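Okay, data_28.tsv is below, TSV, C-alpha atoms:
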```tsv
chain	number	residue	atom	x	y	z
A	1	MET	CA	76.66	104.46	114.77
A	2	SER	CA	75.76	108.01	113.65
A	3	ASP	CA	78.09	110.89	114.48
A	4	ARG	CA	75.29	113.42	114.17
A	5	PRO	CA	75.75	114.76	117.76
A	6	ARG	CA	79.43	115.46	117.05
A	7	THR	CA	78.56	117.21	113.79
A	8	SER	CA	75.75	119.11	115.42
A	9	ASP	CA	78.05	120.23	118.23
A	10	LEU	CA	80.72	121.40	115.80
A	11	LEU	CA	78.19	123.29	113.68
A	12	GLY	CA	76.71	124.80	116.83
A	13	ARG	CA	80.11	126.11	117.86
A	14	LEU	CA	80.88	127.45	114.40
A	15	LEU	CA	77.55	129.13	113.78
A	16	GLY	CA	76.75	130.27	117.33
A	17	PRO	CA	73.36	131.37	118.61
A	18	ALA	CA	70.78	132.62	116.15
A	19	ASP	CA	69.08	134.93	118.64
A	20	PRO	CA	70.29	138.44	119.53
A	21	GLU	CA	72.87	138.29	122.28
A	22	LEU	CA	74.71	140.49	124.75
A	23	THR	CA	78.39	141.30	124.33
A	24	CYS	CA	80.97	139.89	126.78
A	25	ASP	CA	81.14	143.24	128.61
A	26	GLU	CA	77.35	143.46	128.92
A	27	CYS	CA	77.27	139.85	130.08
A	28	PHE	CA	79.79	140.56	132.83
A	29	GLU	CA	77.85	143.63	133.89
A	30	GLN	CA	74.63	141.64	134.27
A	31	LEU	CA	76.09	138.35	135.50
A	32	ASP	CA	75.56	138.86	139.25
A	33	ARG	CA	71.96	139.94	138.78
A	34	TYR	CA	71.24	137.10	136.34
A	35	VAL	CA	72.66	134.36	138.57
A	36	GLU	CA	70.83	135.60	141.67
A	37	LEU	CA	67.57	135.61	139.72
A	38	GLU	CA	68.26	132.06	138.52
A	39	LEU	CA	69.03	130.81	142.01
A	40	ASP	CA	65.92	132.50	143.35
A	41	GLY	CA	63.87	130.56	140.77
A	42	ARG	CA	62.83	133.70	138.91
A	43	ASP	CA	62.69	134.21	135.16
A	44	ALA	CA	66.26	135.42	134.63
A	45	ASP	CA	66.06	135.07	130.83
A	46	ALA	CA	63.04	137.36	130.58
A	47	THR	CA	64.65	139.90	132.91
A	48	VAL	CA	68.01	139.92	131.12
A	49	PRO	CA	67.25	139.45	127.40
A	50	GLY	CA	70.17	138.27	125.29
A	51	MET	CA	72.02	136.64	128.18
A	52	ARG	CA	70.97	133.05	127.41
A	53	ALA	CA	72.02	133.38	123.76
A	54	HIS	CA	75.38	134.85	124.78
A	55	LEU	CA	76.03	132.05	127.27
A	56	GLU	CA	75.32	129.53	124.49
A	57	GLY	CA	77.80	131.26	122.19
A	58	CYS	CA	80.60	132.14	124.62
A	59	PRO	CA	82.17	129.26	126.59
A	60	ALA	CA	84.27	131.60	128.77
A	61	CYS	CA	81.26	133.62	129.93
A	62	ARG	CA	79.32	130.39	130.42
A	63	GLU	CA	82.09	129.14	132.72
A	64	ASP	CA	81.92	132.42	134.65
A	65	ARG	CA	78.19	131.97	135.06
A	66	ASP	CA	78.60	128.35	136.20
A	67	SER	CA	81.29	129.32	138.70
A	68	LEU	CA	79.27	132.14	140.23
A	69	ALA	CA	76.20	129.89	140.50
A	70	ALA	CA	78.30	127.14	142.11
A	71	LEU	CA	79.91	129.54	144.59
A	72	LEU	CA	76.60	131.10	145.62
A	73	GLY	CA	74.99	127.65	145.73
A	74	SER	CA	77.70	126.43	148.08
A	75	GLU	CA	76.88	129.25	150.50
A	76	ARG	CA	73.14	128.70	150.53
A	77	PRO	CA	71.62	126.42	153.12
A	78	PRO	CA	70.49	123.08	151.63
A	79	GLY	CA	66.84	122.69	150.68
B	80	MET	CA	71.42	151.40	160.90
B	81	TYR	CA	70.96	151.49	157.18
B	82	GLU	CA	67.65	151.72	155.48
B	83	ALA	CA	67.07	149.76	152.32
B	84	SER	CA	67.27	151.94	149.24
B	85	ARG	CA	65.75	151.16	145.89
B	86	THR	CA	67.64	150.71	142.60
B	87	ALA	CA	66.51	152.02	139.23
B	88	ARG	CA	65.13	148.54	138.52
B	89	GLY	CA	63.10	148.51	141.71
B	90	ARG	CA	65.19	146.03	143.71
B	91	ALA	CA	65.71	147.05	147.32
B	92	THR	CA	69.41	147.18	148.14
B	93	ASP	CA	69.86	145.17	151.30
B	94	ALA	CA	71.32	146.65	154.47
B	95	GLU	CA	74.44	144.50	154.36
B	96	SER	CA	75.29	145.74	150.86
B	97	LEU	CA	74.74	149.33	151.92
B	98	ALA	CA	77.04	148.77	154.89
B	99	TRP	CA	79.80	147.45	152.59
B	100	LEU	CA	79.44	150.50	150.34
B	101	ASP	CA	79.43	152.93	153.23
B	102	ALA	CA	82.54	151.44	154.83
B	103	LEU	CA	84.47	151.18	151.55
B	104	ARG	CA	83.63	154.76	150.63
B	105	GLY	CA	84.58	155.97	154.09
B	106	SER	CA	87.98	156.61	155.59
B	107	GLY	CA	90.21	155.67	158.50
B	108	ARG	CA	90.12	152.41	160.39
B	109	ARG	CA	86.62	151.48	159.26
B	110	HIS	CA	87.63	151.77	155.60
B	111	ASP	CA	90.83	149.77	156.15
B	112	ASP	CA	88.92	147.01	157.94
B	113	ALA	CA	86.38	146.89	155.12
B	114	VAL	CA	89.14	146.58	152.50
B	115	ALA	CA	90.73	143.76	154.48
B	116	ALA	CA	87.36	141.99	154.78
B	117	LEU	CA	86.75	142.47	151.06
B	118	HIS	CA	90.14	140.98	150.23
B	119	ALA	CA	89.35	137.95	152.39
B	120	LEU	CA	86.01	137.54	150.59
B	121	LEU	CA	87.65	137.78	147.17
B	122	LEU	CA	90.39	135.34	148.17
B	123	ARG	CA	87.74	132.81	149.20
B	124	ALA	CA	86.08	133.15	145.79
B	125	ALA	CA	89.42	132.92	143.93
B	126	ARG	CA	90.39	129.79	145.87
B	127	PHE	CA	86.99	128.28	145.10
B	128	GLU	CA	87.49	128.89	141.38
B	129	VAL	CA	91.09	127.65	141.29
B	130	ALA	CA	90.11	124.49	143.18
B	131	ARG	CA	87.16	123.94	140.83
B	132	ARG	CA	89.47	124.00	137.82
B	133	GLY	CA	92.36	122.23	139.57
B	134	GLY	CA	95.28	120.80	137.63
B	135	GLY	CA	98.46	122.06	139.22
B	136	ARG	CA	100.74	122.04	142.24
B	137	SER	CA	99.08	123.33	145.37
B	138	GLY	CA	101.68	126.06	145.98
B	139	GLU	CA	101.29	127.31	142.43
B	140	LEU	CA	97.49	127.29	142.70
B	141	ALA	CA	97.64	129.18	146.00
B	142	ASP	CA	99.79	131.84	144.30
B	143	LEU	CA	97.29	132.10	141.44
B	144	ALA	CA	94.42	132.55	143.89
B	145	ASN	CA	96.33	135.24	145.79
B	146	GLN	CA	97.17	137.13	142.59
B	147	ALA	CA	93.55	136.84	141.45
B	148	ALA	CA	92.28	138.20	144.78
B	149	ASP	CA	94.75	141.12	144.65
B	150	ASP	CA	93.75	142.01	141.08
B	151	ALA	CA	90.06	141.60	141.86
B	152	LEU	CA	90.38	143.90	144.88
B	153	MET	CA	91.84	146.63	142.67
B	154	ALA	CA	89.07	146.12	140.10
B	155	VAL	CA	86.28	146.21	142.70
B	156	LEU	CA	87.60	149.40	144.33
B	157	ARG	CA	88.08	151.02	140.92
B	158	LYS	CA	84.54	150.13	139.82
B	159	LEU	CA	82.79	150.68	143.12
B	160	HIS	CA	80.88	153.64	141.68
B	161	THR	CA	79.30	151.34	139.07
B	162	TYR	CA	77.64	149.05	141.65
B	163	ARG	CA	73.93	149.67	141.25
B	164	GLY	CA	72.54	147.30	143.83
B	165	ASP	CA	71.00	144.92	141.28
B	166	SER	CA	72.41	142.03	143.31
B	167	ARG	CA	73.94	141.65	146.77
B	168	PHE	CA	77.25	143.49	147.02
B	169	THR	CA	79.09	140.26	147.80
B	170	THR	CA	77.69	138.59	144.64
B	171	TRP	CA	78.77	141.59	142.58
B	172	ALA	CA	82.27	141.47	144.11
B	173	TYR	CA	82.59	137.69	143.70
B	174	LYS	CA	82.32	137.88	139.93
B	175	PHE	CA	85.52	139.94	139.73
B	176	ALA	CA	87.47	137.34	141.73
B	177	LEU	CA	86.05	134.45	139.71
B	178	LEU	CA	86.90	136.18	136.43
B	179	GLU	CA	90.46	136.97	137.50
B	180	ALA	CA	91.02	133.42	138.76
B	181	ALA	CA	89.50	131.79	135.67
B	182	VAL	CA	91.59	133.88	133.27
B	183	LYS	CA	94.78	133.14	135.21
B	184	VAL	CA	94.09	129.40	135.30
B	185	ARG	CA	93.29	129.27	131.58
B	186	ARG	CA	96.41	131.26	130.66
B	187	ARG	CA	98.57	129.12	132.93
B	188	ALA	CA	97.28	125.95	131.24
B	189	TRP	CA	98.41	127.34	127.88
B	190	GLN	CA	101.74	128.72	129.08
B	191	GLY	CA	104.54	127.60	126.75
B	192	ARG	CA	102.01	126.01	124.42
B	193	GLU	CA	101.60	127.22	120.87
B	194	VAL	CA	98.16	128.27	119.72
B	195	PRO	CA	97.15	125.89	116.87
B	196	LEU	CA	97.41	127.42	113.43
B	197	GLU	CA	94.53	127.99	111.07
B	198	ALA	CA	95.73	124.95	109.08
B	199	ASP	CA	95.07	122.75	112.13
B	200	GLY	CA	91.49	123.99	112.19
B	201	TRP	CA	90.99	123.13	108.54
B	202	ALA	CA	92.47	119.67	109.17
B	203	ARG	CA	90.04	119.06	112.03
B	204	LEU	CA	87.13	120.24	109.92
B	205	ALA	CA	88.21	117.96	107.09
B	206	ASP	CA	88.47	115.09	109.55
B	207	THR	CA	84.90	115.72	110.70
B	208	SER	CA	83.55	115.97	107.18
B	209	ALA	CA	85.36	112.80	106.08
B	210	SER	CA	83.65	110.59	108.66
B	211	PRO	CA	82.09	107.55	106.92
B	212	ALA	CA	79.05	107.64	109.20
B	213	ARG	CA	78.01	111.09	108.03
B	214	ASP	CA	74.65	111.38	106.33
B	215	ALA	CA	74.24	113.27	103.08
B	216	GLU	CA	72.54	116.27	104.69
B	217	SER	CA	75.34	116.76	107.23
B	218	SER	CA	78.02	116.33	104.59
B	219	GLU	CA	76.43	119.01	102.44
B	220	LEU	CA	76.20	121.38	105.38
B	221	ILE	CA	79.78	120.85	106.54
B	222	GLY	CA	80.96	121.37	102.98
B	223	ALA	CA	78.97	124.58	102.70
B	224	VAL	CA	80.32	125.81	106.05
B	225	CYS	CA	83.89	125.17	104.90
B	226	ALA	CA	83.22	127.07	101.67
B	227	GLY	CA	81.60	129.90	103.62
B	228	ILE	CA	84.58	130.18	105.97
B	229	ALA	CA	87.00	130.24	103.05
B	230	GLU	CA	85.06	132.66	100.87
B	231	ALA	CA	82.87	134.91	103.04
B	232	LEU	CA	85.17	135.72	105.96
B	233	THR	CA	88.16	138.03	106.23
B	234	PRO	CA	91.51	136.37	107.13
B	235	HIS	CA	91.25	137.74	110.70
B	236	GLN	CA	87.67	136.46	111.10
B	237	ARG	CA	88.79	133.05	109.80
B	238	THR	CA	91.70	132.89	112.24
B	239	VAL	CA	89.52	133.81	115.21
B	240	LEU	CA	86.60	131.54	114.28
B	241	LEU	CA	88.76	128.46	113.72
B	242	ALA	CA	90.91	129.05	116.80
B	243	LEU	CA	87.98	129.53	119.17
B	244	THR	CA	85.45	127.05	117.83
B	245	VAL	CA	87.42	124.27	116.12
B	246	ASN	CA	90.80	124.34	117.86
B	247	ASP	CA	89.26	125.10	121.30
B	248	VAL	CA	91.69	127.88	122.19
B	249	PRO	CA	90.28	129.75	125.23
B	250	ILE	CA	89.26	133.27	124.30
B	251	ASP	CA	91.43	134.88	127.02
B	252	VAL	CA	94.49	133.00	125.76
B	253	LEU	CA	93.88	134.03	122.16
B	254	ALA	CA	93.25	137.64	123.25
B	255	GLU	CA	96.59	137.70	125.08
B	256	ARG	CA	98.47	136.22	122.10
B	257	LEU	CA	96.87	138.61	119.62
B	258	GLY	CA	97.26	141.63	121.91
B	259	THR	CA	93.54	142.36	122.09
B	260	THR	CA	90.63	141.95	124.51
B	261	ARG	CA	88.08	139.22	125.09
B	262	GLY	CA	85.29	141.62	124.11
B	263	ALA	CA	86.96	142.61	120.84
B	264	LEU	CA	87.61	138.98	119.93
B	265	TYR	CA	84.05	137.94	120.69
B	266	LYS	CA	82.81	140.79	118.47
B	267	THR	CA	84.97	139.37	115.65
B	268	LEU	CA	83.60	135.89	116.33
B	269	HIS	CA	80.04	137.22	116.37
B	270	ASP	CA	80.51	139.04	113.05
B	271	ALA	CA	82.08	135.94	111.49
B	272	ARG	CA	79.20	133.75	112.63
B	273	ARG	CA	76.65	136.23	111.31
B	274	LYS	CA	78.35	136.31	107.91
B	275	LEU	CA	78.54	132.53	107.84
B	276	ARG	CA	74.86	132.14	108.74
B	277	ALA	CA	73.90	134.67	106.07
B	278	ARG	CA	75.96	132.80	103.50
B	279	LEU	CA	74.36	129.46	104.37
B	280	ALA	CA	70.90	131.02	104.30
B	281	GLU	CA	71.66	132.38	100.81
B	282	ASP	CA	72.52	128.81	99.84
B	283	GLY	CA	69.10	127.71	101.13
B	284	LEU	CA	70.49	125.48	103.89
B	285	ALA	CA	68.42	124.79	107.03
B	286	LEU	CA	70.57	125.68	110.03
B	287	ASP	CA	68.40	125.16	113.08
B	288	SER	CA	67.94	121.40	112.77
B	289	ALA	CA	71.63	120.94	111.98
B	290	THR	CA	72.83	122.76	115.07
B	291	GLN	CA	70.20	121.48	117.47
B	292	GLY	CA	71.85	120.14	120.59
B	293	GLY	CA	75.15	121.73	119.71
B	294	SER	CA	76.64	124.37	121.96
B	295	ALA	CA	79.41	126.76	121.16
```

Translate the structure described by the file into structure tokens.
Amino acid sequence: MSDRPRTSDLLGRLLGPADPELTCDECFEQLDRYVELELDGRDADATVPGMRAHLEGCPACREDRDSLAALLGSERPPG
Amino acid sequence: MYEASRTARGRATDAESLAWLDALRGSGRRHDDAVAALHALLLRAARFEVARRGGGRSGELADLANQAADDALMAVLRKLHTYRGDSRFTTWAYKFALLEAAVKVRRRAWQGREVPLEADGWARLADTSASPARDAESSELIGAVCAGIAEALTPHQRTVLLALTVNDVPIDVLAERLGTTRGALYKTLHDARRKLRARLAEDGLALDSATQGGSA
């Protein structure tokens, strides 16, 4: 069995995103806007350039994004 | 009644958000009631986050959520002037509570635990590169990455890169141990990654296919 996924994951973590990315402070500043756009089905990545790359490279900010999306999602009516 | 106002980005600030702002900027009973309501909102978010991450005694987790809500309340009131209406006020406020709760939970999980040393990171990298199932291309790349880390990075960049990406130390925990901030550490990580990528590119190695599917 190949361990390519494990290698790929490790290299991904070491090398990070190739695209330009926001800093952690900029990410936090834009997080509420970004998540609302995502939940509204709008193009959040085009509106907040550099956010997607930062979320790929920063697990802590990615967790913050996931938590905010989950919290807002839990308050929205189903459907 | 509040009329919707428009932000610099063209989004109309909703009436509920304007009401929050007005009450929090006001004085007297109305202000006090708004602060109490805001604290309740932040506590709900902090409890949500603590429950999501779990792993602890319920009394201890309740304390963490309370501390997170208290700290978030201070942060929101201190930064109220920076709210630009790009999202609902409650969404903007929630992120402070979630951040405070997440940081506290991560730090609690590492309390009394030593941060792995750089040597542990090298050992884990060596373990990955020694796998018998590795193909030649991956072996070459891992070897080049190890050489790049050893030769192209400063000692501080090496420490931060290995701790965060190989030893899985949470960035808030490492920031606390090193007496710095999450933002400063991520800048170090970003610079280290950029140097490493440049070094591998100089060596003529294809990075995109190797890291496809991997996340940091």

Using only C-alpha atoms: which of A:Pro17, A:Pro59, A:Gly50, A:Gly12 has the shortest distance to Asp247 (chain B): A:Pro59

Between chain A and chain B, at 7 Å or less, what are the per-residue closest atom pairs and their distances in Å? Count only C-alpha atoms, order by chain and rising residue number, and return it as a tab-separated table.
```
residue	atom	partner	partner_atom	distance
A:Met1	CA	B:Ala212	CA	6.8
A:Ser2	CA	B:Ala212	CA	5.5
A:Asp3	CA	B:Ala212	CA	6.3
A:Ser8	CA	B:Thr290	CA	4.7
A:Asp9	CA	B:Gly293	CA	3.6
A:Leu10	CA	B:Gly293	CA	6.8
A:Leu11	CA	B:Thr290	CA	5.6
A:Gly12	CA	B:Gly293	CA	4.5
A:Arg13	CA	B:Ala295	CA	3.4
A:Leu14	CA	B:Thr244	CA	5.7
A:Leu15	CA	B:Arg272	CA	5.0
A:Gly16	CA	B:Ala295	CA	5.8
A:Thr23	CA	B:Gly262	CA	6.9
A:Cys24	CA	B:Gly262	CA	5.4
A:Asp25	CA	B:Gly262	CA	6.3
A:Asp32	CA	B:Trp171	CA	5.4
A:Arg33	CA	B:Ser166	CA	5.0
A:Glu36	CA	B:Ser166	CA	6.8
A:Glu56	CA	B:Ser294	CA	5.9
A:Gly57	CA	B:Ala295	CA	4.9
A:Cys58	CA	B:Ala295	CA	6.5
A:Pro59	CA	B:Ala295	CA	6.6
A:Ala60	CA	B:Ile250	CA	6.9
A:Asp64	CA	B:Leu178	CA	6.5
A:Ser67	CA	B:Glu128	CA	6.8
A:Leu68	CA	B:Lys174	CA	6.5
```

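Coordinates place CA of Ala242 (chain B) at a distance of 11.7 Å from CA of Arg256 (chain B).
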
How far is it from CA of Thr259 (chain B) to CA of Val194 (chain B), in Å with one decimal? 15.0 Å

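Closest approach to Ala180 (chain B) from the set A:Glu63, A:Glu29, A:Asp19, A:Asp40 is made by A:Glu63, with distances taken over only C-alpha atoms.
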
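Note that the spacing between CA of Leu71 (chain A) and CA of Glu255 (chain B) amounts to 26.9 Å.
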
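Comparing the minimum interatomic distances between Met51 (chain A) and each of A:Glu38, A:Asp66, A:Glu75, A:Glu21, counting all atoms listed in the file, we find that A:Glu21 sits nearest.
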